[in-house]
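Shown below: start.tsv, with TSV, C-alpha atoms and all ligand atoms.
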```tsv
chain	number	residue	atom	x	y	z
A	1	MET	CA	58.78	-26.15	10.58
A	2	LYS	CA	57.97	-26.75	6.90
A	3	ILE	CA	57.50	-23.96	4.37
A	4	ILE	CA	55.19	-25.22	1.65
A	5	ASP	CA	54.30	-23.39	-1.55
A	6	ASN	CA	52.09	-25.92	-3.30
A	7	ILE	CA	48.76	-27.55	-2.64
A	8	LYS	CA	49.85	-31.13	-3.35
A	9	GLU	CA	52.55	-31.07	-0.68
A	10	LEU	CA	50.29	-29.21	1.74
A	11	LYS	CA	47.66	-31.94	1.45
A	12	GLU	CA	50.27	-34.67	1.98
A	13	GLU	CA	51.57	-32.95	5.12
A	14	ILE	CA	48.08	-32.26	6.48
A	15	ASN	CA	47.23	-35.94	6.11
A	16	LYS	CA	50.21	-36.84	8.31
A	17	LEU	CA	49.17	-34.50	11.15
A	18	LYS	CA	47.65	-35.89	14.34
A	19	GLY	CA	45.36	-33.84	16.59
A	20	SER	CA	43.74	-30.46	16.13
A	21	ILE	CA	44.86	-27.93	13.54
A	22	GLY	CA	44.88	-24.19	14.14
A	23	LEU	CA	44.99	-21.95	11.07
A	24	VAL	CA	46.21	-18.37	11.17
A	25	PRO	CA	45.42	-16.81	7.78
A	26	THR	CA	47.68	-13.84	7.03
A	27	MET	CA	49.05	-11.79	4.17
A	28	GLY	CA	52.48	-11.78	5.84
A	29	ALA	CA	54.55	-8.82	7.09
A	30	LEU	CA	53.89	-10.33	10.49
A	31	HIS	CA	53.75	-8.09	13.55
A	32	ASP	CA	52.87	-8.60	17.22
A	33	GLY	CA	49.16	-8.64	16.34
A	34	HIS	CA	49.69	-11.70	14.11
A	35	LEU	CA	51.99	-13.21	16.72
A	36	SER	CA	49.21	-12.98	19.31
A	37	LEU	CA	46.98	-15.08	17.00
A	38	ILE	CA	49.79	-17.55	16.39
A	39	LYS	CA	50.53	-17.87	20.13
A	40	LYS	CA	46.85	-18.56	20.83
A	41	SER	CA	46.71	-21.19	18.09
A	42	VAL	CA	49.89	-22.90	19.33
A	43	MET	CA	48.40	-22.94	22.84
A	44	GLN	CA	45.03	-24.35	21.76
A	45	ASN	CA	46.07	-26.86	19.07
A	46	GLU	CA	48.47	-29.71	18.49
A	47	ASN	CA	49.38	-28.19	15.10
A	48	THR	CA	49.49	-24.64	13.78
A	49	ILE	CA	49.51	-23.62	10.14
A	50	VAL	CA	50.17	-20.01	9.15
A	51	SER	CA	49.17	-19.07	5.63
A	52	ILE	CA	51.07	-16.20	4.06
A	53	PHE	CA	49.42	-15.08	0.86
A	54	VAL	CA	48.88	-11.56	-0.45
A	55	ASN	CA	45.52	-12.35	-1.96
A	56	PRO	CA	45.12	-10.35	-5.20
A	57	ILE	CA	41.37	-10.89	-5.48
A	58	GLN	CA	40.65	-8.87	-2.33
A	59	PHE	CA	42.45	-5.76	-3.64
A	60	GLY	CA	40.72	-3.11	-5.76
A	61	VAL	CA	42.35	-1.70	-8.90
A	62	ASN	CA	43.79	1.38	-7.24
A	63	GLU	CA	44.84	-0.32	-4.01
A	64	ASP	CA	48.25	-1.32	-2.65
A	65	LEU	CA	48.58	-4.89	-4.03
A	66	ASP	CA	51.97	-4.23	-5.65
A	67	LYS	CA	53.53	-2.38	-2.75
A	68	TYR	CA	52.08	-4.58	0.03
A	69	PRO	CA	55.11	-5.69	2.11
A	70	ARG	CA	56.41	-9.17	1.31
A	71	GLN	CA	59.04	-10.51	3.72
A	72	LEU	CA	58.78	-14.29	3.84
A	73	LYS	CA	62.24	-14.91	5.35
A	74	GLN	CA	61.60	-12.60	8.30
A	75	ASP	CA	58.07	-13.98	8.75
A	76	ALA	CA	59.33	-17.55	8.68
A	77	SER	CA	61.85	-16.93	11.42
A	78	LEU	CA	59.12	-15.37	13.62
A	79	CYS	CA	56.84	-18.37	12.99
A	80	GLU	CA	59.62	-20.83	13.75
A	81	LYS	CA	60.22	-19.17	17.14
A	82	GLU	CA	56.52	-19.46	18.02
A	83	GLY	CA	56.40	-23.19	17.27
A	84	VAL	CA	54.44	-23.08	14.01
A	85	ASN	CA	54.43	-26.44	12.19
A	86	ILE	CA	53.69	-25.36	8.64
A	87	ILE	CA	53.81	-22.11	6.69
A	88	PHE	CA	51.71	-22.26	3.56
A	89	ALA	CA	52.98	-19.55	1.20
A	90	PRO	CA	51.65	-20.30	-2.28
A	91	LYS	CA	52.16	-18.28	-5.46
A	92	VAL	CA	49.09	-16.64	-6.98
A	93	SER	CA	49.02	-19.22	-9.82
A	94	GLU	CA	48.88	-22.05	-7.27
A	95	MET	CA	45.75	-20.58	-5.66
A	96	TYR	CA	43.97	-19.29	-8.76
A	97	SER	CA	43.97	-20.91	-12.16
A	98	CYS	CA	42.10	-18.03	-13.79
A	99	GLU	CA	41.14	-14.37	-13.39
A	100	LYS	CA	38.74	-13.28	-10.63
A	101	ASN	CA	35.85	-12.82	-13.05
A	102	ASN	CA	36.07	-16.52	-14.02
A	103	LEU	CA	36.40	-17.89	-10.50
A	104	THR	CA	33.65	-19.39	-8.37
A	105	LEU	CA	33.50	-16.89	-5.52
A	106	ILE	CA	31.81	-16.66	-2.16
A	107	CYS	CA	29.94	-13.38	-2.15
A	108	PRO	CA	28.51	-12.25	1.17
A	109	PRO	CA	25.12	-10.51	0.93
A	110	TYR	CA	24.79	-6.88	-0.09
A	111	GLU	CA	23.46	-5.82	3.32
A	112	VAL	CA	26.69	-6.82	5.12
A	113	VAL	CA	29.14	-5.61	2.49
A	114	ASP	CA	27.54	-2.38	1.36
A	115	LYS	CA	28.71	-0.49	4.43
A	116	LEU	CA	31.89	0.43	6.30
A	117	CYS	CA	34.98	-0.97	4.50
A	118	GLY	CA	32.92	-2.83	1.89
A	119	LYS	CA	31.44	0.44	0.64
A	120	SER	CA	34.76	1.92	-0.47
A	121	ARG	CA	36.26	-1.46	-1.39
A	122	PRO	CA	33.71	-3.14	-3.68
A	123	GLY	CA	34.43	-6.85	-4.14
A	124	HIS	CA	36.89	-6.86	-1.23
A	125	PHE	CA	34.90	-9.21	0.99
A	126	ASP	CA	34.14	-11.57	-1.94
A	127	GLY	CA	37.91	-11.92	-2.27
A	128	VAL	CA	38.42	-12.38	1.47
A	129	CYS	CA	35.66	-14.99	1.88
A	130	SER	CA	36.75	-16.90	-1.21
A	131	VAL	CA	40.39	-17.21	-0.14
A	132	VAL	CA	39.48	-17.94	3.48
A	133	ALA	CA	37.09	-20.71	2.36
A	134	LYS	CA	39.84	-22.21	0.19
A	135	LEU	CA	42.26	-22.12	3.12
A	136	PHE	CA	39.69	-23.78	5.40
A	137	ASN	CA	39.21	-26.57	2.84
A	138	LEU	CA	42.92	-27.02	2.14
A	139	THR	CA	44.09	-27.10	5.75
A	140	LYS	CA	41.11	-28.96	7.27
A	141	ALA	CA	41.64	-26.66	10.25
A	142	THR	CA	39.80	-27.24	13.53
A	143	ARG	CA	40.05	-23.56	14.48
A	144	ALA	CA	40.94	-20.36	12.64
A	145	TYR	CA	42.21	-17.18	14.29
A	146	PHE	CA	41.19	-13.66	13.22
A	147	GLY	CA	42.04	-10.28	14.72
A	148	GLN	CA	39.29	-7.99	15.97
A	149	LYS	CA	40.92	-4.99	14.30
A	150	ASP	CA	39.32	-6.18	11.05
A	151	ALA	CA	35.96	-6.29	12.78
A	152	GLN	CA	33.80	-6.32	9.65
A	153	GLN	CA	35.96	-9.10	8.15
A	154	LEU	CA	35.58	-11.14	11.34
A	155	PHE	CA	31.80	-10.63	11.34
A	156	ILE	CA	31.53	-11.64	7.67
A	157	VAL	CA	33.78	-14.71	8.06
A	158	LYS	CA	31.72	-15.85	11.07
A	159	LYS	CA	28.55	-15.42	9.03
A	160	MET	CA	30.03	-17.38	6.11
A	161	VAL	CA	30.97	-20.23	8.45
A	162	LYS	CA	27.44	-20.29	9.88
A	163	ASP	CA	25.62	-19.87	6.55
A	164	LEU	CA	27.72	-22.51	4.75
A	165	ASN	CA	28.13	-24.92	7.71
A	166	PHE	CA	31.92	-24.94	7.67
A	167	ASP	CA	33.11	-27.35	10.35
A	168	ILE	CA	35.52	-24.90	11.97
A	169	GLU	CA	35.63	-22.72	15.07
A	170	ILE	CA	36.42	-19.05	14.50
A	171	VAL	CA	38.49	-17.63	17.34
A	172	PRO	CA	38.43	-13.82	17.60
A	173	CYS	CA	41.59	-12.24	19.07
A	174	PRO	CA	41.84	-8.77	20.66
A	175	ILE	CA	43.44	-5.81	18.90
A	176	VAL	CA	47.11	-5.41	19.74
A	177	ARG	CA	48.30	-1.81	20.12
A	178	GLU	CA	51.62	0.00	20.35
A	179	GLU	CA	52.33	1.64	23.72
A	180	ASP	CA	50.81	4.88	22.43
A	181	ASN	CA	47.66	2.95	21.33
A	182	LEU	CA	48.24	2.84	17.59
A	183	ALA	CA	46.60	-0.40	16.42
A	184	LEU	CA	49.17	-2.72	14.85
A	185	SER	CA	48.83	-3.18	11.11
A	186	SER	CA	51.18	-4.34	8.35
A	187	ARG	CA	50.27	-1.06	6.61
A	188	ASN	CA	51.84	0.97	9.46
A	189	GLN	CA	55.11	0.36	7.56
A	190	TYR	CA	53.94	2.91	4.98
A	191	LEU	CA	53.55	5.75	7.52
A	192	THR	CA	55.85	8.77	7.47
A	193	GLU	CA	56.79	10.28	10.83
A	194	ASN	CA	54.11	12.93	10.44
A	195	ASP	CA	51.51	10.39	9.32
A	196	ARG	CA	52.21	8.25	12.36
A	197	LYS	CA	51.64	11.23	14.68
A	198	LEU	CA	48.33	12.00	13.00
A	199	ALA	CA	47.34	8.31	12.88
A	200	LEU	CA	47.42	8.25	16.68
A	201	ASN	CA	44.35	10.48	16.64
A	202	ILE	CA	42.25	7.56	15.38
A	203	SER	CA	42.68	5.55	18.58
A	204	LYS	CA	42.57	8.78	20.58
A	205	ALA	CA	39.12	9.52	19.12
A	206	LEU	CA	37.91	5.99	19.89
A	207	PHE	CA	39.15	5.99	23.48
A	208	ASN	CA	37.63	9.46	23.93
A	209	ILE	CA	34.22	8.15	22.80
A	210	LYS	CA	34.45	5.41	25.40
A	211	LYS	CA	35.41	7.92	28.08
A	212	LEU	CA	32.56	10.30	27.15
A	213	PHE	CA	30.09	7.40	27.11
A	214	LYS	CA	31.21	6.39	30.62
A	215	GLU	CA	30.65	10.02	31.68
A	216	GLY	CA	27.04	9.74	30.48
A	217	ILE	CA	27.15	11.08	26.91
A	218	SER	CA	25.35	8.72	24.55
A	219	ASP	CA	24.21	11.11	21.81
A	220	ILE	CA	25.95	9.78	18.68
A	221	LYS	CA	26.11	13.20	17.01
A	222	VAL	CA	27.91	14.69	20.00
A	223	LEU	CA	30.34	11.75	20.07
A	224	ILE	CA	31.01	12.01	16.33
A	225	ASP	CA	31.60	15.77	16.49
A	226	ALA	CA	34.10	15.34	19.33
A	227	SER	CA	35.89	12.60	17.36
A	228	LEU	CA	36.09	14.60	14.14
A	229	LYS	CA	37.71	17.45	16.08
A	230	ILE	CA	40.36	15.06	17.39
A	231	MET	CA	40.90	13.63	13.89
A	232	ASP	CA	41.33	17.04	12.25
A	233	GLY	CA	43.98	16.64	9.50
A	234	LEU	CA	42.96	13.07	8.69
A	235	ASP	CA	40.75	12.17	5.78
A	236	VAL	CA	38.01	10.32	7.67
A	237	GLU	CA	36.24	7.80	5.44
A	238	TYR	CA	33.76	6.74	8.10
A	239	ILE	CA	33.03	6.79	11.79
A	240	GLU	CA	30.13	4.50	12.52
A	241	PHE	CA	28.32	2.98	15.49
A	242	VAL	CA	27.08	-0.59	14.99
A	243	ASP	CA	25.63	-3.35	17.11
A	244	LYS	CA	28.55	-5.76	17.44
A	245	ASN	CA	26.25	-8.81	17.14
A	246	THR	CA	24.43	-7.77	13.95
A	247	PHE	CA	26.55	-4.99	12.46
A	248	ASP	CA	23.36	-2.96	12.06
A	249	PHE	CA	23.89	0.79	12.37
A	250	GLN	CA	22.73	2.24	15.70
A	251	THR	CA	21.02	5.48	16.48
A	252	LYS	CA	21.65	5.15	20.23
A	253	VAL	CA	24.74	3.89	22.02
A	254	ASP	CA	24.24	0.82	24.22
A	255	ARG	CA	26.32	-1.97	25.69
A	256	ASN	CA	26.55	-3.75	22.31
A	257	THR	CA	28.02	-0.74	20.54
A	258	LEU	CA	31.13	-1.15	18.46
A	259	VAL	CA	32.56	2.11	17.10
A	260	LEU	CA	34.52	1.80	13.88
A	261	ILE	CA	36.73	4.29	12.06
A	262	ALA	CA	38.51	4.24	8.70
A	263	ALA	CA	40.74	7.17	7.80
A	264	ARG	CA	43.57	8.10	5.49
A	265	VAL	CA	46.70	9.90	6.64
A	266	PRO	CA	47.76	12.88	4.53
A	267	GLU	CA	51.31	12.10	3.33
A	268	SER	CA	51.45	8.39	2.46
A	269	LYS	CA	47.65	8.27	1.92
A	270	THR	CA	47.65	5.03	3.93
A	271	ARG	CA	44.16	3.87	4.82
A	272	LEU	CA	43.93	2.76	8.44
A	273	ILE	CA	41.10	1.13	10.37
A	274	ASP	CA	40.46	0.72	14.07
A	275	ASN	CA	37.53	0.08	16.40
A	276	ILE	CA	36.52	-0.05	20.03
A	277	ASP	CA	33.96	-2.00	22.01
A	278	ILE	CA	32.32	0.66	24.13
A	279	TRP	CA	31.46	-1.70	26.97
A	280	GLU	CA	34.62	-3.82	27.39
A	301	LIG	O1	43.19	-10.11	7.31
A	301	LIG	C1	43.95	-10.48	6.39
A	301	LIG	O2	45.17	-10.41	6.49
A	301	LIG	C2	43.33	-11.06	5.12
A	301	LIG	O3	42.17	-10.41	4.79
A	301	LIG	C3	43.14	-12.58	5.18
A	301	LIG	C4	42.14	-12.98	6.25
A	301	LIG	C5	44.46	-13.27	5.43
A	301	LIG	C6	42.60	-13.08	3.84
A	301	LIG	O4	43.48	-12.81	2.80
```

Show the structure stored in the file as structure tokens.
Amino acid sequence: MKIIDNIKELKEEINKLKGSIGLVPTMGALHDGHLSLIKKSVMQNENTIVSIFVNPIQFGVNEDLDKYPRQLKQDASLCEKEGVNIIFAPKVSEMYSCEKNNLTLICPPYEVVDKLCGKSRPGHFDGVCSVVAKLFNLTKATRAYFGQKDAQQLFIVKKMVKDLNFDIEIVPCPIVREEDNLALSSRNQYLTENDRKLALNISKALFNIKKLFKEGISDIKVLIDASLKIMDGLDVEYIEFVDKNTFDFQTKVDRNTLVLIAARVPESKTRLIDNIDIWE
């Protein structure tokens, strides 16, 4: 496995590769969720590249860019075990030669970003799309693997690929959960013991919605009220019902419903997201 930190060497190595290339874009601090994407890529492709880059242009001014966990050594040993061929871990200056406001960015349309996570994180998805597009170009990947936990990100990346005719297949991968159903996230490292207990109520609320829906309750207000009761003590940023194919808000639950939650835990103020497909 090669660990590469510059674009020149990456291009040279990519040109030597034979067969399909799977790309797993990450910001590092790899957990079993990332490993599930890596395993899938290794299974489906002759070559797998994992990018590890804490992308500054997708963080807002008051977000956790500085404290975001960086653990390249540990990540590299996990990647090596999974059979990854290349880790691309560039410095910020290698990826961006100037400040965000002087860069050519890919900005998804207002109607897909002015909701859910995009609403409280203005500019976030411009940063995500721009870095993902650069990684697609640099790696010439055949397929790229994204987790369904970041459902809005996955939707927006798929749309970018379609709108801009990127020659790449986007492979969605299911959410990986702890035994008690907490969705895996690199940000779970920030949680205090008490936060972690309270954070469990996010997935509890989602699984409860699914259960109530199966029992015949489809009134969104009733489902939201029940969820907010379960999430008492959390600072709920949103709980929304969207059509998973369009990301349009729904007024009635149906088999295309995806329920999404973002909430902050009280002690570490960590912002967590999770979602559930009501029909799966
Ligand atoms: O999901 C993430 O970790 C990031 O948003 C991504 C896709 C690696 C882009 O920086």

Would you pick out the contacts of Asp235 (chain A) at 12 Å or less, using only C-alpha atoms, so that residues sharing its chain but fewer than 4 positions from it are not included, and give the list as a PyMOL selection string?
chain A and resi 195+198-199+201-202+228-231+239+261-273

Contacts with ligand LIG 301 (chain A) at most 7 Å, all atoms listed in the file counted, listed as a short mmCIF file (atom, residue, chain, number, x, y, z; two decimals) with C-alpha atoms, in the frame of the given file:
```
data_model
loop_
_atom_site.label_atom_id
_atom_site.label_comp_id
_atom_site.auth_asym_id
_atom_site.auth_seq_id
_atom_site.Cartn_x
_atom_site.Cartn_y
_atom_site.Cartn_z
CA PRO A 25 45.42 -16.81 7.78
CA THR A 26 47.68 -13.84 7.03
CA MET A 27 49.05 -11.79 4.17
CA PHE A 53 49.42 -15.08 0.86
CA VAL A 54 48.88 -11.56 -0.45
CA ASN A 55 45.52 -12.35 -1.96
CA VAL A 128 38.42 -12.38 1.47
CA VAL A 131 40.39 -17.21 -0.14
CA VAL A 132 39.48 -17.94 3.48
CA ASP A 150 39.32 -6.18 11.05
#
```

Could you tell me how far CA of Phe136 (chain A) lies from CA of Lys73 (chain A), in Å and to one decimal?
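Answer for the CA of Phe136 (chain A) to CA of Lys73 (chain A) separation: 24.2 Å.
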
Distance criterion (only C-alpha atoms): nearest to Ala151 (chain A) out of A:Asp163, A:Asp243, A:Asp225, A:Glu9:
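Of A:Asp163, A:Asp243, A:Asp225, A:Glu9, the one nearest Ala151 (chain A) is A:Asp243, counting only C-alpha atoms.
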
Do a neighbour search on region 90-96 of chain A at 9 Å with only C-alpha atoms, toss out local chain neighbours closer than 4 positions, and write the hits as a PyMOL selection string.
chain A and resi 4-7+51-56+100+103+131+134

Could you state the separation of CA of Lys197 (chain A) and CA of Asp277 (chain A) in Å, given to one decimal place?
23.3 Å

For CA of Asp167 (chain A) and CA of Leu10 (chain A), quote the distance in Å rounded to one decimal.
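Here the two named atoms are 19.3 Å from each other.
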
Measuring between only C-alpha atoms, which one of A:Val253, A:Glu46, A:Asp232, A:Leu135 shows the shortest distance to Ile217 (chain A)?
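Comparing A:Val253, A:Glu46, A:Asp232, A:Leu135 against Ile217 (chain A), the winner is A:Val253.
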
Best match for closeness to Lys16 (chain A) among A:Asp114, A:Phe59, A:Asn47, A:Ser185, counting only C-alpha atoms
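Answer, going by the shortest atom-to-atom distance: A:Asn47.
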
Nearest to Ile57 (chain A) among A:Ile224, A:Ile86, A:Ile106, A:Ala144, with distances taken over all atoms listed in the file: which residue is it?
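Of A:Ile224, A:Ile86, A:Ile106, A:Ala144, the one nearest Ile57 (chain A), counting all atoms listed in the file, is A:Ile106.
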
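Take the candidates A:Gly127, A:Gly83, A:Pro69, A:Pro122 and check each one against Thr104 (chain A) using all atoms listed in the file; the shortest distance goes to A:Gly127.
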
Once you add 5 Å to each side, what are the centre and edge lengths of the axis-aligned box holding all listed atoms of region 223-239 of chain A? One decimal in Å, as JSON, if you can.
```
{"center_x": 37.2, "center_y": 12.1, "center_z": 12.8, "size_x": 23.6, "size_y": 20.7, "size_z": 24.6}
```

Nearest residue to Lys140 (chain A) from the set A:Phe166, A:Tyr238, A:Phe213, A:Ser77 (distances using all atoms listed in the file)
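Ranking A:Phe166, A:Tyr238, A:Phe213, A:Ser77 by distance to Lys140 (chain A), first place goes to A:Phe166.
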